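Colleague: I have a structure here, written as structure tokens, and I will follow up with some questions on it.
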2 protein chains.
Amino acid sequence: MKNKRVDENLLKNIKGYENRKAYSSPFANQPSGIVETESENLKEKIRRTKVVDSLEEAIRRAGLKDGMTISFHHHFRNGDKILPLVMKKIAEMGFKNLRVAASSFTKAHEEIVDHIEAGVVTRIESSGLRGRLATAVSNGVLGDNPAVIRSHGGRARAIVEGDLKIDIAFIGASSSDCMGNANGVKGKSLCGSLGYAKVDAEYADKVIVITDCLVDYPNYPMSIPQTQVDYVVVVDEIGDPNGIMSGATRFTSNPKELLMAKRVLDVMLASGYFKDGFSMQTGTGGASLAVTRFIREELIKRNIKCSYGLGGITKAFVDLLEEGLIGQLFDTQCFDLAAVESIGKNEKHVEISADFYANPFNCSPAVTKLDFVILSALEVDKDFNVNVISGSDGIIREAAGGHPDTAASANVSIIVAPLTRGRIPTIIDKVTTVVTPGSTVDVVVTDYGVAVNPTRKDLLERFEKAGIELITMEKLREIANFIVGKPKEIEFEDKVVAVVEYRDGSIIDVVKKIKK
Amino acid sequence: MKNKRVDENLLKNIKGYENRKAYSSPFANQPSGIVETESENLKEKIRRTKVVDSLEEAIRRAGLKDGMTISFHHHFRNGDKILPLVMKKIAEMGFKNLRVAASSFTKAHEEIVDHIEAGVVTRIESSGLRGRLATAVSNGVLGDNPAVIRSHGGRARAIVEGDLKIDIAFIGASSSDCMGNANGVKGKSLCGSLGYAKVDAEYADKVIVITDCLVDYPNYPMSIPQTQVDYVVVVDEIGDPNGIMSGATRFTSNPKELLMAKRVLDVMLASGYFKDGFSMQTGTGGASLAVTRFIREELIKRNIKCSYGLGGITKAFVDLLEEGLIGQLFDTQCFDLAAVESIGKNEKHVEISADFYANPFNCSPAVTKLDFVILSALEVDKDFNVNVISGSDGIIREAAGGHPDTAASANVSIIVAPLTRGRIPTIIDKVTTVVTPGSTVDVVVTDYGVAVNPTRKDLLERFEKAGIELITMEKLREIANFIVGKPKEIEFEDKVVAVVEYRDGSIIDVVKKIKK
């Protein structure tokens, strides 16, 4: 500005402004990356596109360095192509010693073991590990750096609170405009909700959106807003939507699953919480999907409505929404293509971030208002502790997901699991790994009866009154032992291969290396 | 958990976990306010409503203390009832020495002068001051604490960067559920976009939502999400929607305004940026609304579309959206009831926060992609500096709004102003207060001709080629002097009554107390 009005001498005489800067020129204090260079015509030099020519250029400009933390989301599940693509490029570029924080690792990510073995990756933080990566971690491939397992809410908390500082977030999006407004509901490779990526985008130092469909500005919806995106890269293919489906989503005809589903329904009906406006998270798996169908019939019969459904969303929930039997869906992750399609067109199917979903440290995540959550388990012990991470062989194989978050919050948390799976008992003395503490588990429904946490005297009374067949965990364990014999104790070395963080950041358990 | 798996001794032997906490119980580390008390049945003690009985209780529980900073939004403009209600209660409760950071002060807020005089309020930060408050500040009512004037983008930046730390944000919302999911598009007292409040909600320590319409959980849309809200208060009436309208929104028949509007259109057409997919912010006022109508005709004639419209949104923009002549609206603030209605029902009418709108320090606010902005002015000087804050009498009377933000960012920033208003010249030697620096102003359109910033040689050339009548600022000033005479210099004391922050936080000008 010619004839500058304010200088530091003037400011010195104004209370509170003694050390403030006087204005010099319009972009003098702008953070880097907004104005590319100065010129006589200022307007020409404002960066109005973030599209760069290649992934390599984006990585370079984002300033990746050895030892940094990079993040990924797993909304494409087994169909994800972003993590393999980026990790391959990063390995080629010669980076080492990276921490990879993915919202989950799926079977699409097994090659990361090669990058660990090559020293490109030395630390892993995630909700879950599966397949070859899980086995390698269990066998100690990470050396002195245990993998960190967090629930979805715990991961959001860690990112928001700064425990997990992400240097660069790589976000695959089925569509993006040139400024980085991105979503998973338009384009060719749809994944629906970008709930996990939303947290990464908000808190990472640098954000790279990777898309296979660049659209005109402005893109809508802005699941990832331009205000958080540094670079946009266009690639051939970001993922295969058919890989999203994680398990059976057809209605089960397995009599054991139907029996358990019916028992879950009985528990819900008798609990005192099954009334107009109740809320629920169910999830995938045969019994859960069957429960959702049974619930539908009850809603119609009683002429009541469920206020909202939460979590990973399936076709069963979409159907309830479309029938008007549920008021709204809060969706962090689409579990099938029906959910993907629905979230793209139905305004009552609302995309939420993992922070909104379950971060225990914000003013209240969506889990807080849950009446029911129906959860699965690999193992449950007599203290109601639940393991959803490691198999009975002590090897990591699954994911914490929203398990501890929803169990802690729902008015009635229901674990549904068969007493035994093949020769493996589900109800045991002491779970191999505690992911969800028993004090937060209210009811365990098995094919051999329903056990209620003794702290829930209210539920016990109501269930007894309703004539639900109750059984103790001790009795269930006895029956399991009778059927498959007492399981052999697994022997572990002292070496810790993974730590399990509870949602609040405290360490609830560790996974040790098994003795061979 | 019985049989605790992890203790600090175990953690001491894990690299990086030497000082971490072992899990103790599900809510041991929860921040206050989530779990109310412990009990045997944990679930009963989770706080599942944030509704408190009175405003007083909310203020008390939020922990208001003397000297703190509280914030308000001005989406109800002259119809706002929240700020008066809250300030009255706070004064009754005996608090002193507060800093009030409102996104703007309107005529509905004049009583705040009484609170300043009583010592309840000692500092004021805002985009603008009007009426009795503006005059009182100009006369030095704030003593040694100058009022702080920031643009909408500058305010968002100051909040995000921590320069303006808000202790308690009071947010009026036309609907809220019991957890604080709130918006301005449902209920009885609608204001539409909550764009300014969104930033306050995200960054304030405590957030109190005040509504006159409590709805069933979950409320939608979640303009303000439950994750950011601490308390919900229900009152009789939060505001009068009829107070939103700030100026004439009818089509002008004033020949001077029509002439200027036509010239603005000519400038746009000749600029090289008026092509399919261009973007614009226009604003209110006779000439601006007339421009929007002229633009409509050109869009139809040329069979092209505007990609997005930005800013405070009026019926003129809503009409373009509904006709399909504009692709999307980004709305920080609804300027009339047609806009309020539209944002509640049209998904292409998108509510954005002031951060998304114009914070210069995020990865790119929406202003970055603007082709055209049409802005008004109280004064423009020969260096193209613009004053939108103080009158020719040196008294504060208006608001910075998005003026400096859009001027700095748009490819073509156009100021439209009559050469004189009554006996007061608009084009003068030296503006009373610089709000928008001349280096960011490209074109000044008056009823006496069009002046182009000499740095925009590209525009000068194109306008000459198109036969637009060009004139220099010097010549405009001469004509103004000829018509109304050279204005008398205002005499000021040394006392600074307000500082004007540029969007980047540097101080671009100050307002001094006038000599009486």
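Chain lettering (A, B, ...) mirrors the order of the structure tokens, residue numbering begins at 1 for each chain separately, and ligand numbering begins at 1 in order of display.
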Can you list every residue of chain A that has an atom at most 7 Å from chain B, with its nearest atom pair and the distance in Å to one decimal, using only C-alpha atoms, ordered by chain then number, as JSON lines?

Modeller:
{"residue": "A:Met1", "atom": "CA", "partner": "B:Pro437", "partner_atom": "CA", "distance": 6.2}
{"residue": "A:Arg5", "atom": "CA", "partner": "B:Asp509", "partner_atom": "CA", "distance": 5.6}
{"residue": "A:Val6", "atom": "CA", "partner": "B:Asp509", "partner_atom": "CA", "distance": 5.6}
{"residue": "A:Lys15", "atom": "CA", "partner": "B:Asp144", "partner_atom": "CA", "distance": 6.6}
{"residue": "A:Arg20", "atom": "CA", "partner": "B:Ser506", "partner_atom": "CA", "distance": 7.0}
{"residue": "A:Lys21", "atom": "CA", "partner": "B:Ser506", "partner_atom": "CA", "distance": 5.0}
{"residue": "A:Ala22", "atom": "CA", "partner": "B:Ile507", "partner_atom": "CA", "distance": 4.6}
{"residue": "A:Tyr23", "atom": "CA", "partner": "B:Ser506", "partner_atom": "CA", "distance": 4.7}
{"residue": "A:Pro26", "atom": "CA", "partner": "B:Ala408", "partner_atom": "CA", "distance": 6.9}
{"residue": "A:Asn29", "atom": "CA", "partner": "B:Asp504", "partner_atom": "CA", "distance": 6.3}
{"residue": "A:Gln30", "atom": "CA", "partner": "B:Phe361", "partner_atom": "CA", "distance": 6.5}
{"residue": "A:Pro31", "atom": "CA", "partner": "B:Phe361", "partner_atom": "CA", "distance": 6.1}
{"residue": "A:Ile34", "atom": "CA", "partner": "B:Ser364", "partner_atom": "CA", "distance": 6.9}
{"residue": "A:Glu40", "atom": "CA", "partner": "B:Thr455", "partner_atom": "CA", "distance": 5.8}
{"residue": "A:Asn41", "atom": "CA", "partner": "B:Thr455", "partner_atom": "CA", "distance": 5.8}
{"residue": "A:Lys43", "atom": "CA", "partner": "B:Asn411", "partner_atom": "CA", "distance": 5.4}
{"residue": "A:Arg48", "atom": "CA", "partner": "B:Lys369", "partner_atom": "CA", "distance": 6.1}
{"residue": "A:Asp144", "atom": "CA", "partner": "B:Lys15", "partner_atom": "CA", "distance": 6.6}
{"residue": "A:Asn145", "atom": "CA", "partner": "B:Lys15", "partner_atom": "CA", "distance": 6.6}
{"residue": "A:Gln226", "atom": "CA", "partner": "B:Ser364", "partner_atom": "CA", "distance": 6.3}
{"residue": "A:Thr227", "atom": "CA", "partner": "B:Cys363", "partner_atom": "CA", "distance": 4.6}
{"residue": "A:Gln228", "atom": "CA", "partner": "B:Cys363", "partner_atom": "CA", "distance": 5.5}
{"residue": "A:Val229", "atom": "CA", "partner": "B:Cys363", "partner_atom": "CA", "distance": 6.0}
{"residue": "A:Asp230", "atom": "CA", "partner": "B:Cys363", "partner_atom": "CA", "distance": 6.1}
{"residue": "A:Phe356", "atom": "CA", "partner": "B:Thr227", "partner_atom": "CA", "distance": 6.1}
{"residue": "A:Phe361", "atom": "CA", "partner": "B:Pro31", "partner_atom": "CA", "distance": 6.1}
{"residue": "A:Asn362", "atom": "CA", "partner": "B:Thr227", "partner_atom": "CA", "distance": 5.4}
{"residue": "A:Cys363", "atom": "CA", "partner": "B:Thr227", "partner_atom": "CA", "distance": 4.6}
{"residue": "A:Ser364", "atom": "CA", "partner": "B:Thr227", "partner_atom": "CA", "distance": 4.9}
{"residue": "A:Pro365", "atom": "CA", "partner": "B:Thr227", "partner_atom": "CA", "distance": 5.8}
{"residue": "A:Thr368", "atom": "CA", "partner": "B:Arg48", "partner_atom": "CA", "distance": 6.6}
{"residue": "A:Lys369", "atom": "CA", "partner": "B:Arg48", "partner_atom": "CA", "distance": 6.2}
{"residue": "A:Ala408", "atom": "CA", "partner": "B:Pro26", "partner_atom": "CA", "distance": 6.9}
{"residue": "A:Ser409", "atom": "CA", "partner": "B:Lys43", "partner_atom": "CA", "distance": 6.7}
{"residue": "A:Ala410", "atom": "CA", "partner": "B:Lys43", "partner_atom": "CA", "distance": 7.0}
{"residue": "A:Asn411", "atom": "CA", "partner": "B:Lys43", "partner_atom": "CA", "distance": 5.4}
{"residue": "A:Pro437", "atom": "CA", "partner": "B:Met1", "partner_atom": "CA", "distance": 6.2}
{"residue": "A:Gly438", "atom": "CA", "partner": "B:Met1", "partner_atom": "CA", "distance": 6.7}
{"residue": "A:Ser439", "atom": "CA", "partner": "B:Met1", "partner_atom": "CA", "distance": 6.7}
{"residue": "A:Thr455", "atom": "CA", "partner": "B:Glu40", "partner_atom": "CA", "distance": 5.8}
{"residue": "A:Arg456", "atom": "CA", "partner": "B:Asn41", "partner_atom": "CA", "distance": 5.9}
{"residue": "A:Tyr502", "atom": "CA", "partner": "B:Tyr23", "partner_atom": "CA", "distance": 6.9}
{"residue": "A:Asp504", "atom": "CA", "partner": "B:Asn29", "partner_atom": "CA", "distance": 6.3}
{"residue": "A:Ser506", "atom": "CA", "partner": "B:Tyr23", "partner_atom": "CA", "distance": 4.7}
{"residue": "A:Ile507", "atom": "CA", "partner": "B:Ala22", "partner_atom": "CA", "distance": 4.6}
{"residue": "A:Ile508", "atom": "CA", "partner": "B:Tyr23", "partner_atom": "CA", "distance": 4.8}
{"residue": "A:Asp509", "atom": "CA", "partner": "B:Val6", "partner_atom": "CA", "distance": 5.6}

Colleague: Could you find all residues in region 104-267 of chain B that DSSP calls strand (DSSP E) from the backbone, and write them as a list in words?

Modeller: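 Of region 104-267 of chain B, the ones in strand (DSSP E) are Val121, Thr122, Arg123, Ile124, Glu125, Ser126, Ala147, Val148, Ile149, Ile168, Ala169, Phe170, Ile171, Gly172, Ala173, Ser175, Ser176, Ala182, Asn183, Lys206, Val207, Ile208, Val209, Ile210, Thr211, Tyr231, Val232, Val233 and Val234 of chain B.
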
Colleague: Taking the DSSP secondary structure from the backbone, can you list the residues of region 213-343 of chain A that are alpha helix (DSSP H), as number ranges by chain?

Modeller: A: 255-270, 286-302, 315-322, 337-343

Colleague: Could you list, as number ranges by chain, every residue within 8 Å of Cys213 (chain A), counting only C-alpha atoms and ignoring same-chain residues fewer than 5 positions away?

Modeller: A: 174-176, 187-188, 234

Colleague: Using only C-alpha atoms, which of the listed residues (B:Leu258, B:Ala354, B:Val232, B:Cys178) sits closest to Leu55 (chain B)?

Modeller: B:Val232

Colleague: Ranking B:Arg263, B:Ser193, B:Lys513, B:Arg302 by minimum distance to Val444 (chain B) and counting only C-alpha atoms, which one comes first?

Modeller: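 Smallest separation from Val444 (chain B) among the options: B:Arg263.
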